[in-house]
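**Student:** Have a look at this one before I ask anything.
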Amino acid sequence: MTAPARFSVHLPEANAIDATVGRALLERMWLIRAFEEKASELYARGLIKGLLHLGIGQEGSAVGAIARLAPTDRVFGSHRAHAHALAKGADPVRLLAELAGRTTGYCGGKGGSMHIAAPEVGFMTATGIVAGNLPLALGDAWAATLEPSDRVSVVFFGDGAGQAGPFHETLNIASLWRLPIVFICENNGYAEFTPLSAHTKVEHLAEYAGVYGIPAVTIDGNDVFAIHAAVGEAVARARTGDGPTFVEALTHRLRGHYEGDPAKYRELSELAEWKAKDPIARFTAGLIERAWLAEGAATTIEADARTRIEAAAAEALAGPLPGPADLARDVYAAT
Amino acid sequence: MTTDIRTIDAIRGALDEALAGDPAVCLLGEDITLGGPFGATRGLSDRYGEDRVRNTPISEATIMGLAIGAAMAGRRPVLEIMFVDFITLAMDQLVNHAAKLRYMSGGQLCVPLTIRVQGGAAGGMGAHHSQSLEAWFAHVPGLTVVAPSDPADAWGLLASAIRSDDPVVFLEHRGLYWTKGPVPGDGHLVPIGRAVVRRPGRDVTVVAWSRMVNTALDAAEALAADGIDVEVVDARSLLPLDLDTMVASVRRTGRLVVASEAVVTGGVGAEIAASVASAAGGALRAPVERVGAPFVPPPAGPDLEALFVPTADHIASAVRRTLHAA
Amino acid sequence: MLPDLPADALVLQFRTMLRIRRFEEALITLASDHDIGHFHVYIGQEATGVPALAWLQEGDVAYSTHRNHGHLIARGVDPAAMLAEILGKTTGTNRGKGGTLHLASLVHGFPTTSSSVGGPLPIAVGSAFAFRELRQDRVSVALFGDGALEEGAWHEAANIAAMRQVPVIFLCENNSPEALGQKANEYPSSTLAATELTDLVAPFRIPFEVVDGTDAGAVSAAMGRAVERARAGGGPSFIEARTVRWPGNRPLWPQLLTGETDLAVAWDAARIPDDHRAWHERQDGLLRFLCELLAAGAITQAQALALDAEARAEMVAAVRFGLASPYPAPEEALDDVFA
């Protein structure tokens with residue numbers, strides 16, 4: 001499923017991915033995959049509670065995009081943001097600890113899956129409010145112009161956010177003020193349980209960006225090469241003061257909206273179709289094709305990732321649970 | 001050097017001082033480069049530039065989030081929402097993000113944001129321009145809520161709000177904008193969370209805030225002619241409440257009236273009544289009385305509005321009821 | 001051009017425009033020595049509201065904003081009751097409870113007017129939604145200005161209207177570029193990044209037209225198409241009607257900067273004042289309509305002046321009625337909060 005690009009996306013062999021970068025990207029994608037599957041397992045075992053929204057199948061857009069960011073750049077995620085936090089450099093131990101409600105988690109166990117914050121690595125926050133992160137990222141970008149700094153703010157959201165009022169307002173202000181922000185819409189075709197086509201007349205959300213004069217492109221979000229290139233251009237544009245860009249990455253979540261959602265609204269054939277386009281498998285094939293990765297190396301990468309996550313889970317679960325003294329902490333600056 | 005200035009000028013003075021003193025301070029709001037509808041921000045964009053004093057489109061939901069995001073990034077934004085009635089559009093960002101990000105992030109994130117809103121019934125503007133909504137904000141953990149009653153407190157509380165590392169809702173009343181009062185000027189700070197006794201008295205404590213403080217003082221003066229000595233306590237801070245000052249007062253007088261312009265039902269007055277009764281119950285010699293607006297939307301037109309806004313007579317009647325109760 | 005209607009219907013529209021104009025002028029004059037609070041006038045936009053709303057029938061509804069006086073008079077609401085409402089009197093359309101910002105008359109198809117910018121949009125879509133569900137051929141009109149398009153509510157309302165194909169007409173009266181907050185040499189306003197307002201409509205696949213708001217015929221034709229589409233089950237439409245903001249609407253409070261309208265300017269060029277020449281010559285839709293009526297022989301100068309005298313007299317009486325009416329009794333303050 002491809003769509004017309006609004007600006008050219010160069011995919012020559014000599015783009016910013018090489019053997020070293022490629023391997024690193026693949027390792028990161030496998031780390032995320034292993035993390036998400038482990039989280040799913042822990043959830044099923046009752047060791048993670050609450051709501052869990054997993055991004056299995058969407059690793060490509062998170063990793064390919066965030067690879068173009070400097071450490072000082074900032075990322076804002078949605079409710080489905082584990083991948084983005086990890087891609088930005090969050091520690092899997094502290095992340096799992098947070099999901100499991102431990103005081104050793106990033107947020108002391110107070111935030112949980114939907115409210116991850118790891119600002120020390122530039123992952124500012126996730127949010128449970130659809131489209132709620134767009135204005136926050138806008139403010140972060142505005143602050144960058146005041147500091148002044150050439151850092152860039154990136155906000156990830158889904159296709160469901162495109163129907164919300166703040167989506168419209170944020171695009172408008174980002175364009176008017178020419179802010180250093182990159183909008184990345186991970187269009188997985190479903191807003192909760194409803195297909196996008198039932199929510200909106202446009203086929204691609206990038207069309208909205210064009211209304212506000214924001215350069216926009218719709219790409220195959222499971223093609224790491226494509227997203228890596230597109231976001232690279234977008235980040236460069238923002239950093240040089242040329243304002244926002246909108247990148248729509250077409251992708252799919254292989255699980256339900258949340259863990260426990262049987263996803264009866266989705267045809268099995270559709271699921272099969274997307275499994276065949278798994279970003280990890282495709283990127284692996286791409287690396288092997290370019291002779292940047294040996295055939296057996298991928299298996300090792302996967303195994304290493306799972307080992308690392310296994311250890312992380314053990315360490316995370318060993319962390320203490322919060323108690324009454326923690327309840328009232330951090331409501332205010334003084335508490 | 002203390003000078004007599006109007007509340008609106010005191011607000012501008014505090015903003016000017018903050019902008020001059022801290023490069024992280026920035027202003028956001030609709031039409032603020034033109035001074036806004038009442039002139040609070042007049043001249044500030046000329047002095048500090050339109051990057052730091054920024055006009056926004058009419059997009060309350062997003063400009064609240066914008067201000068929060070900028071605060072998270074280390075700015076100290078002061079956001080103006082033109083009428084408190086429009087803050088309804090921005091409640092998601094205020095309640096779900098501004099108030100909760102510190103907590104949800106386990107202390108990693110900080111939202112040093114000040115939100116200036118103007119409200120209250122004055123000018124017969126009707127239901128969408130006249131509400132007093134402090135109870136909504138005072139009910140949200142993570143928010144701070146202050147309401148000055150005079151120019152000095154307007155300056156001092158705004159200065160404190162901007163310095164605070166927590167999100168603060170700064171409630172202005174346009175009925176107070178043009179009243180004058182002495183203001184010390186630069187450097188003036190009023191601490192958040194401290195009420196003040198405006199008029200000491202022996203017989204009854206009246207706790208009020210914002211424009212109702214003046215109304216309470218008028219009532220006290222009228223009652224003095226009848227030999228009733230009223231102590232007027234200006235709450236100044238609605239979240240956190242300075243219950244210590246209020247309780248100490250009630251321990252002296254034994255009687256409490258809470259007066260506000262908001263509707264009585266579910267208002268901050270109920271919170272004060274219950275909290276004070278709980279802490280000083282033994283000292284109370286009469287049930288607590290609350291004075292406020294009737295439980296109706298604010299009507300348009302001067303005559304109905306005059307019936308909507310509580311008067312000195314209402315407060316005086318409430319005071320007398322506490323004196324006549326068994 | 002003139003609407004495609006018989007002469008007597010055109011004269012009736014002129015009469016309505018005139019009544020709106022004299023009402024608003026009377027209000028501004030009243031405000032100069034009475035404190036009536038802040039208000040917004042429709043001067044300069046009569047040639048949009050009157051021909052557009054003339055398409056509505058009984059049962060149709062319209063939702064307006066803070067600039068609603070012209071809309072209500074266009075649909076037959078009694079100016080005296082409106083004036084009384086603006087003054088907060090019990091004889092007002094809302095019994096003194098709503099004021100200028102919330103004038104309403106359900107029997108005339110104005111359930112409410114809202115003063116949060118963008119506020120009427122979702123409600124108008126809601127009415128249309130109901131009409132469709134109930135299989136009625138009624139239509140709902142959302143009346144708003146260019147500022148409303150900055151609000152997220154526009155985006156949400158337009159999307160749902162389009163997805164549900166509801167019989168709503170979005171009539172946007174764009175009286176920028178003179179609007180508060182606008183800067184020169186940037187986008188059409190400093191508050192909207194689109195270069196055309198209608199760029200915001202395109203993604204919703206809602207059919208749209210842009211018309212000169214002082215051209216009553218163009219407005220009428222566009223609205224006719226939109227109403228027909230809605231009634232026939234064809235879904236929503238968007239019309240942008242552009243006018244130059246009346247000079248008297250530029251200060252924070254309305255002022256009679258162009259004076260009381262002198263109809264004779266339409267046939268005696270010598271009477272055109274030097275001040276605001278462009279306004280009198282070509283930007284005032286009411287004067288333009290009159291010129292076209294005269295040229296078409298649909299009205300004579302004497303008839304125009306006679307209608308004007310009637311309109312003025314009607315508004316003098318409306319003001320008198322408003323001033324003489326009583327305020328609501330205290331007991332009424334609690335009425336109509338709940339059922």
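In the structure tokens, the first chain shown is A, the next is B, and so on; residue numbers restart at 1 for each chain, and ligands run from 1 in the order shown.
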Name the residues of range 5-184 of chain B that fall into strand (DSSP E) according to DSSP on the backbone, using the chain letters and numbers of this document, as a ChimeraX atom specification.

**Tutor:** /B:5-6,25-29,53-55,76-81,114-119,144-146,168-173,180-183

**Student:** Just C-alpha atoms for this one: save the residues we selected as a CSV table (one decimal), in the first residue's frame.

**Tutor:**
```csv
chain,number,residue,atom,x,y,z
B,5,ILE,CA,-2.6,51.8,41.0
B,6,ARG,CA,-5.5,49.9,39.6
B,25,VAL,CA,9.0,33.8,31.4
B,26,CYS,CA,6.8,34.1,28.3
B,27,LEU,CA,3.1,35.1,27.7
B,28,LEU,CA,0.5,33.4,25.5
B,29,GLY,CA,-3.0,34.2,24.7
B,53,VAL,CA,4.6,37.7,24.1
B,54,ARG,CA,2.7,35.6,21.7
B,55,ASN,CA,-0.7,35.9,20.1
B,76,ARG,CA,7.7,29.7,32.6
B,77,PRO,CA,4.6,30.5,30.5
B,78,VAL,CA,1.8,32.7,31.6
B,79,LEU,CA,-1.3,31.7,29.6
B,80,GLU,CA,-4.3,34.0,29.4
B,81,ILE,CA,-7.7,32.5,28.9
B,114,THR,CA,0.5,30.1,35.4
B,115,ILE,CA,-3.0,30.4,33.9
B,116,ARG,CA,-4.6,33.8,34.2
B,117,VAL,CA,-8.4,33.8,33.8
B,118,GLN,CA,-10.9,36.5,34.4
B,119,GLY,CA,-14.4,35.8,35.6
B,144,THR,CA,-2.9,25.5,42.8
B,145,VAL,CA,-5.7,28.2,42.8
B,146,VAL,CA,-5.4,31.8,44.0
B,168,VAL,CA,-1.3,27.8,39.2
B,169,VAL,CA,-4.8,29.1,38.2
B,170,PHE,CA,-4.8,32.8,38.9
B,171,LEU,CA,-8.4,34.0,39.2
B,172,GLU,CA,-9.0,37.6,38.3
B,173,HIS,CA,-12.3,39.4,38.5
B,180,LYS,CA,-7.2,51.3,43.0
B,181,GLY,CA,-5.0,50.3,45.9
B,182,PRO,CA,-1.4,50.8,47.2
B,183,VAL,CA,1.1,48.5,45.7
```

**Student:** So that I can see what lies close to range 133-142 of chain B, please list as an MDAnalysis selection string the residues with an atom at most 8 Å from it, counting only C-alpha atoms and leaving out residues fewer than 5 positions away in the same chain.

**Tutor:** (chainID A and resid 331:332) or (chainID B and resid 84:85 95 98:100 103 166:167 169 171 238:239 262 266:268)

**Student:** Residues of chain C that have any atom at most 8 Å from an atom of chain A: could you tabulate them with the shortest-distance atom pair and the distance in Å to one decimal, using only C-alpha atoms, ordered by chain and increasing number, as CSV?

**Tutor:**
```
residue,atom,partner,partner_atom,distance
C:Glu150,CA,A:Glu169,CA,6.5
C:Glu151,CA,A:Glu169,CA,6.5
C:Gly152,CA,A:Gly165,CA,3.4
C:Ala153,CA,A:Gly165,CA,5.6
C:Trp154,CA,A:Gly165,CA,7.4
C:His155,CA,A:Gly165,CA,5.7
C:Glu156,CA,A:Gly165,CA,5.7
C:Asn159,CA,A:Thr200,CA,6.5
C:Ile160,CA,A:His199,CA,7.9
C:Ala162,CA,A:Lys201,CA,7.5
C:Met163,CA,A:Thr200,CA,6.5
C:Ser190,CA,A:Leu176,CA,7.2
C:Thr191,CA,A:Leu176,CA,7.3
C:Leu192,CA,A:Asn172,CA,6.2
C:Ala193,CA,A:Tyr212,CA,5.0
C:Ala194,CA,A:Tyr212,CA,4.7
C:Thr195,CA,A:Tyr212,CA,7.9
C:Asp199,CA,A:Val211,CA,5.5
C:Leu200,CA,A:Val211,CA,6.1
C:Pro203,CA,A:Val202,CA,5.9
C:Phe204,CA,A:Lys201,CA,5.6
C:Arg205,CA,A:Lys201,CA,6.6
```

**Student:** Keeping only N, CA and C atoms, write the selected residues to a file as a short mmCIF file (atom, residue, chain, number, x, y, z; two decimals), in the first residue's frame.

**Tutor:**
```cif
data_model
loop_
_atom_site.label_atom_id
_atom_site.label_comp_id
_atom_site.auth_asym_id
_atom_site.auth_seq_id
_atom_site.Cartn_x
_atom_site.Cartn_y
_atom_site.Cartn_z
N GLU C 150 -10.63 28.55 13.41
CA GLU C 150 -9.41 28.26 14.18
C GLU C 150 -9.66 27.23 15.27
N GLU C 151 -10.92 27.06 15.60
CA GLU C 151 -11.27 26.18 16.71
C GLU C 151 -11.34 24.72 16.27
N GLY C 152 -10.85 23.86 17.13
CA GLY C 152 -10.94 22.43 16.87
C GLY C 152 -12.36 21.96 16.67
N ALA C 153 -13.30 22.67 17.28
CA ALA C 153 -14.71 22.27 17.14
C ALA C 153 -15.15 22.26 15.68
N TRP C 154 -14.58 23.18 14.87
CA TRP C 154 -14.92 23.18 13.44
C TRP C 154 -14.52 21.85 12.81
N HIS C 155 -13.32 21.45 13.06
CA HIS C 155 -12.75 20.22 12.49
C HIS C 155 -13.61 19.01 12.86
N GLU C 156 -13.95 18.93 14.13
CA GLU C 156 -14.74 17.78 14.58
C GLU C 156 -16.15 17.82 14.01
N ASN C 159 -16.19 17.08 10.20
CA ASN C 159 -15.91 15.68 9.93
C ASN C 159 -17.15 14.82 10.15
N ILE C 160 -17.79 15.04 11.26
CA ILE C 160 -18.97 14.23 11.57
C ILE C 160 -20.12 14.55 10.62
N ALA C 162 -19.85 15.40 7.59
CA ALA C 162 -19.53 14.76 6.32
C ALA C 162 -19.71 13.25 6.39
N MET C 163 -19.23 12.66 7.47
CA MET C 163 -19.32 11.20 7.59
C MET C 163 -20.78 10.75 7.65
N SER C 190 -3.26 36.32 10.89
CA SER C 190 -2.12 35.73 11.60
C SER C 190 -2.58 34.57 12.44
N THR C 191 -3.81 34.15 12.21
CA THR C 191 -4.37 33.14 13.09
C THR C 191 -4.77 31.87 12.36
N LEU C 192 -4.63 31.86 11.04
CA LEU C 192 -4.98 30.67 10.29
C LEU C 192 -3.93 30.47 9.20
N ALA C 193 -3.38 29.23 9.14
CA ALA C 193 -2.28 28.99 8.23
C ALA C 193 -2.72 28.68 6.81
N ALA C 194 -3.97 28.44 6.59
CA ALA C 194 -4.41 28.14 5.24
C ALA C 194 -4.41 29.41 4.42
N THR C 195 -4.20 29.29 3.13
CA THR C 195 -4.24 30.50 2.30
C THR C 195 -5.65 30.81 1.86
N ASP C 199 -9.77 25.90 2.00
CA ASP C 199 -8.81 24.79 2.07
C ASP C 199 -9.13 23.90 3.26
N LEU C 200 -9.73 24.51 4.30
CA LEU C 200 -10.06 23.74 5.49
C LEU C 200 -11.27 22.84 5.27
N PRO C 203 -10.73 18.64 2.81
CA PRO C 203 -10.50 17.26 3.27
C PRO C 203 -11.78 16.56 3.68
N PHE C 204 -12.81 17.31 4.00
CA PHE C 204 -14.04 16.67 4.41
C PHE C 204 -14.94 16.35 3.22
N ARG C 205 -14.48 16.71 2.03
CA ARG C 205 -15.23 16.45 0.79
C ARG C 205 -16.61 17.08 0.85
#
```

**Student:** Go through B:Gly120, B:Pro240, B:Ala40, B:Arg202 and flag the residue nearest chain A, using only C-alpha atoms for the distances.

**Tutor:**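 Smallest distance to chain A is found for B:Pro240.
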
**Student:** Find the residues near Val319 in chain B: any atom within 10 Å, counting only C-alpha atoms, skip ones fewer than 5 places away on the same chain, and give them as a ChimeraX atom specification.

**Tutor:** /B:203-206,219-220,223,228,230,255-258,288-291,313-314,324

**Student:** Go ahead and write the residues just picked, C-alpha atoms, as a tab-separated table (two decimals), in the first residue's frame.

**Tutor:**
```tsv
chain	number	residue	atom	x	y	z
B	203	ASP	CA	-18.19	38.42	67.00
B	204	VAL	CA	-18.29	36.61	63.65
B	205	THR	CA	-15.71	35.43	61.10
B	206	VAL	CA	-16.50	36.07	57.47
B	219	ALA	CA	-21.22	44.47	55.34
B	220	ALA	CA	-18.87	44.69	58.33
B	223	LEU	CA	-23.01	45.86	61.00
B	228	ILE	CA	-21.69	43.75	65.64
B	230	VAL	CA	-17.10	41.26	62.18
B	255	ARG	CA	-19.17	31.92	64.26
B	256	LEU	CA	-18.43	31.50	60.55
B	257	VAL	CA	-19.92	32.83	57.34
B	258	VAL	CA	-18.28	31.95	54.03
B	288	VAL	CA	-21.85	27.71	59.43
B	289	GLU	CA	-23.60	30.00	56.93
B	290	ARG	CA	-22.70	30.20	53.26
B	291	VAL	CA	-23.40	33.15	51.00
B	313	ASP	CA	-27.01	42.72	52.70
B	314	HIS	CA	-26.83	39.00	52.03
B	324	HIS	CA	-29.50	34.46	66.46
```

**Student:** Which residues are near range 81-91 of chain C? Cut-off 7 Å, only C-alpha atoms, ignore same chain within fewer than 2 positions. Put them as a short mmCIF file (atom, residue, chain, number, x, y, z; two decimals) with N, CA and C atoms, in the first residue's frame.

**Tutor:**
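See around.cif below for the written result:
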```cif
data_model
loop_
_atom_site.label_atom_id
_atom_site.label_comp_id
_atom_site.auth_asym_id
_atom_site.auth_seq_id
_atom_site.Cartn_x
_atom_site.Cartn_y
_atom_site.Cartn_z
N ALA B 300 -28.24 37.31 31.82
CA ALA B 300 -27.78 38.52 31.17
C ALA B 300 -28.59 39.69 31.72
N GLY B 301 -28.19 40.88 31.36
CA GLY B 301 -28.98 42.04 31.75
C GLY B 301 -28.66 42.47 33.17
N PRO B 302 -28.63 43.75 33.39
CA PRO B 302 -28.15 44.27 34.69
C PRO B 302 -29.06 43.93 35.86
N ASP B 303 -30.37 43.91 35.63
CA ASP B 303 -31.26 43.72 36.77
C ASP B 303 -31.20 42.30 37.32
N ILE C 36 -25.51 49.73 28.05
CA ILE C 36 -26.23 48.50 27.69
C ILE C 36 -25.29 47.30 27.59
N ASP C 78 -39.17 39.68 16.29
CA ASP C 78 -39.60 41.06 16.55
C ASP C 78 -38.47 41.91 17.13
N PRO C 79 -38.07 42.96 16.44
CA PRO C 79 -36.98 43.80 16.94
C PRO C 79 -37.25 44.38 18.32
N THR C 93 -36.86 38.43 24.24
CA THR C 93 -37.02 37.10 23.63
C THR C 93 -36.66 35.99 24.62
N ASN C 94 -35.71 36.25 25.48
CA ASN C 94 -35.29 35.23 26.45
C ASN C 94 -35.72 35.62 27.86
N ARG C 95 -36.77 36.46 27.93
CA ARG C 95 -37.24 36.95 29.25
C ARG C 95 -36.13 37.63 30.06
N GLY C 96 -35.19 38.22 29.36
CA GLY C 96 -34.15 38.98 30.05
C GLY C 96 -32.98 38.15 30.54
N LYS C 97 -33.01 36.86 30.28
CA LYS C 97 -31.98 35.98 30.85
C LYS C 97 -30.76 35.80 29.95
N GLY C 99 -29.66 38.03 27.01
CA GLY C 99 -28.91 39.18 26.56
C GLY C 99 -28.53 39.07 25.10
N THR C 100 -27.76 40.04 24.64
CA THR C 100 -27.41 40.09 23.23
C THR C 100 -26.68 38.85 22.75
N ALA C 318 -39.22 50.38 18.92
CA ALA C 318 -38.58 49.24 19.58
C ALA C 318 -37.74 49.71 20.76
N VAL C 319 -37.01 50.78 20.54
CA VAL C 319 -36.18 51.33 21.63
C VAL C 319 -37.07 51.80 22.78
N GLY C 322 -38.33 48.85 24.61
CA GLY C 322 -37.30 48.26 25.44
C GLY C 322 -37.04 49.06 26.70
N SER C 325 -40.00 48.80 29.16
CA SER C 325 -40.35 47.48 29.71
C SER C 325 -39.72 47.30 31.08
N PRO C 326 -40.39 46.47 31.90
CA PRO C 326 -39.84 46.25 33.23
C PRO C 326 -38.73 45.19 33.21
N TYR C 327 -37.89 45.28 34.20
CA TYR C 327 -36.92 44.22 34.44
C TYR C 327 -37.66 43.02 35.03
N PRO C 328 -37.06 41.86 34.95
CA PRO C 328 -37.72 40.69 35.53
C PRO C 328 -37.86 40.85 37.04
#
```

**Student:** For the contact check between chain B and chain A, emit one row per residue of chain B within 6 Å, containing the shortest atom pair and the distance in Å rounded to one decimal, counting only C-alpha atoms, chain then rising number order, as a Markdown table.

**Tutor:**
```
| residue | atom | partner | partner_atom | distance |
| --- | --- | --- | --- | --- |
| B:Thr62 | CA | A:Pro135 | CA | 5.2 |
| B:Gly65 | CA | A:Pro135 | CA | 4.5 |
| B:Leu66 | CA | A:Gly139 | CA | 3.9 |
| B:Ala67 | CA | A:Gly139 | CA | 5.7 |
| B:Gly69 | CA | A:Leu136 | CA | 3.9 |
| B:Ala70 | CA | A:Gly139 | CA | 4.2 |
| B:Ala73 | CA | A:Asp140 | CA | 5.6 |
| B:Tyr103 | CA | A:Asp330 | CA | 5.0 |
| B:Met104 | CA | A:Gly111 | CA | 4.2 |
| B:Ser105 | CA | A:Cys107 | CA | 4.4 |
| B:Gly106 | CA | A:Cys107 | CA | 3.9 |
| B:Gly107 | CA | A:Asp330 | CA | 5.2 |
| B:Gly142 | CA | A:Val331 | CA | 5.2 |
```

**Student:** Emit the selected residues as an mmCIF file, in the first residue's frame, including C-alpha atoms.

**Tutor:**
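Written output follows (out.cif):
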```
data_model
loop_
_atom_site.group_PDB
_atom_site.id
_atom_site.type_symbol
_atom_site.label_atom_id
_atom_site.label_comp_id
_atom_site.auth_asym_id
_atom_site.auth_seq_id
_atom_site.Cartn_x
_atom_site.Cartn_y
_atom_site.Cartn_z
ATOM 1 C CA THR B 62 -4.390 23.543 22.107
ATOM 2 C CA GLY B 65 -1.410 22.168 25.880
ATOM 3 C CA LEU B 66 1.110 24.404 24.134
ATOM 4 C CA ALA B 67 1.717 26.282 27.342
ATOM 5 C CA GLY B 69 4.561 21.657 26.721
ATOM 6 C CA ALA B 70 6.596 24.838 26.905
ATOM 7 C CA ALA B 73 10.639 22.273 28.409
ATOM 8 C CA TYR B 103 2.717 12.804 39.635
ATOM 9 C CA MET B 104 2.365 10.442 36.709
ATOM 10 C CA SER B 105 6.027 10.833 35.854
ATOM 11 C CA GLY B 106 7.062 10.151 39.422
ATOM 12 C CA GLY B 107 8.492 13.635 39.806
ATOM 13 C CA GLY B 142 -1.934 18.965 41.425
#
```

**Student:** Name all residues at most 12 Å from Thr299 in chain A (count only C-alpha atoms; drop same-chain ones fewer than 4 positions away) and give them as a count of residues only.

**Tutor:** 13

**Student:** Suppose you want the space between CA of Val207 in chain B and CA of Ser260 in chain B; what is it in Å?

**Tutor:**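 Rounded to one decimal, the two atoms are 8.5 Å apart.
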
**Student:** Please return, as a PyMOL selection string, all residues of chain B lying within 8 Å of chain C when only C-alpha atoms are considered.

**Tutor:** chain B and resi 31+34+55-61+86+123-128+294-297+299-304+307-308

**Student:** Can you work out the spacing between CA of Trp279 in chain C and CA of Ile73 in chain C in Å, to one decimal?

**Tutor:**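 A separation of 23.2 Å between them.
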
**Student:** Which of range 116-255 of chain A counts as helix (DSSP H, G or I) under DSSP, as a PyMOL selection string please?

**Tutor:** chain A and resi 119-121+133-146+159-163+165-176+196-198+206-211+224-239

**Student:** If we count only C-alpha atoms and set the cut-off at 6 Å, which residues sit around range 219-236 of chain A, ignoring sequence neighbours fewer than 2 positions away in its own chain? Please answer as a PyMOL selection string.

**Tutor:** chain A and resi 9+60-61+64-65+68+238-239+245+249-251+279

**Student:** Do a neighbour search on Ile239 in chain C at 6 Å with only C-alpha atoms, toss out local chain neighbours closer than 4 positions, and write the hits as a ChimeraX atom specification.

**Tutor:** /C:171,208-210

**Student:** Could you please determine the separation between CA of Arg174 in chain B and CA of Thr7 in chain B in Å, to one decimal place?

**Tutor:**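 That distance, rounded to one decimal, is 9.2 Å.
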
**Student:** Would you please work out which residue, of B:Gly21, B:Gly49, B:Gly156, B:Pro148, is nearest to Thr33 in chain B when using only C-alpha atoms?

**Tutor:** B:Gly49

**Student:** Using only C-alpha atoms, which of the listed residues (A:Lys38, A:Lys49, A:Arg308, A:Arg23) sits closest to Gly260 in chain A?

**Tutor:**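 For Gly260 in chain A, the nearest of the given residues is A:Lys49.
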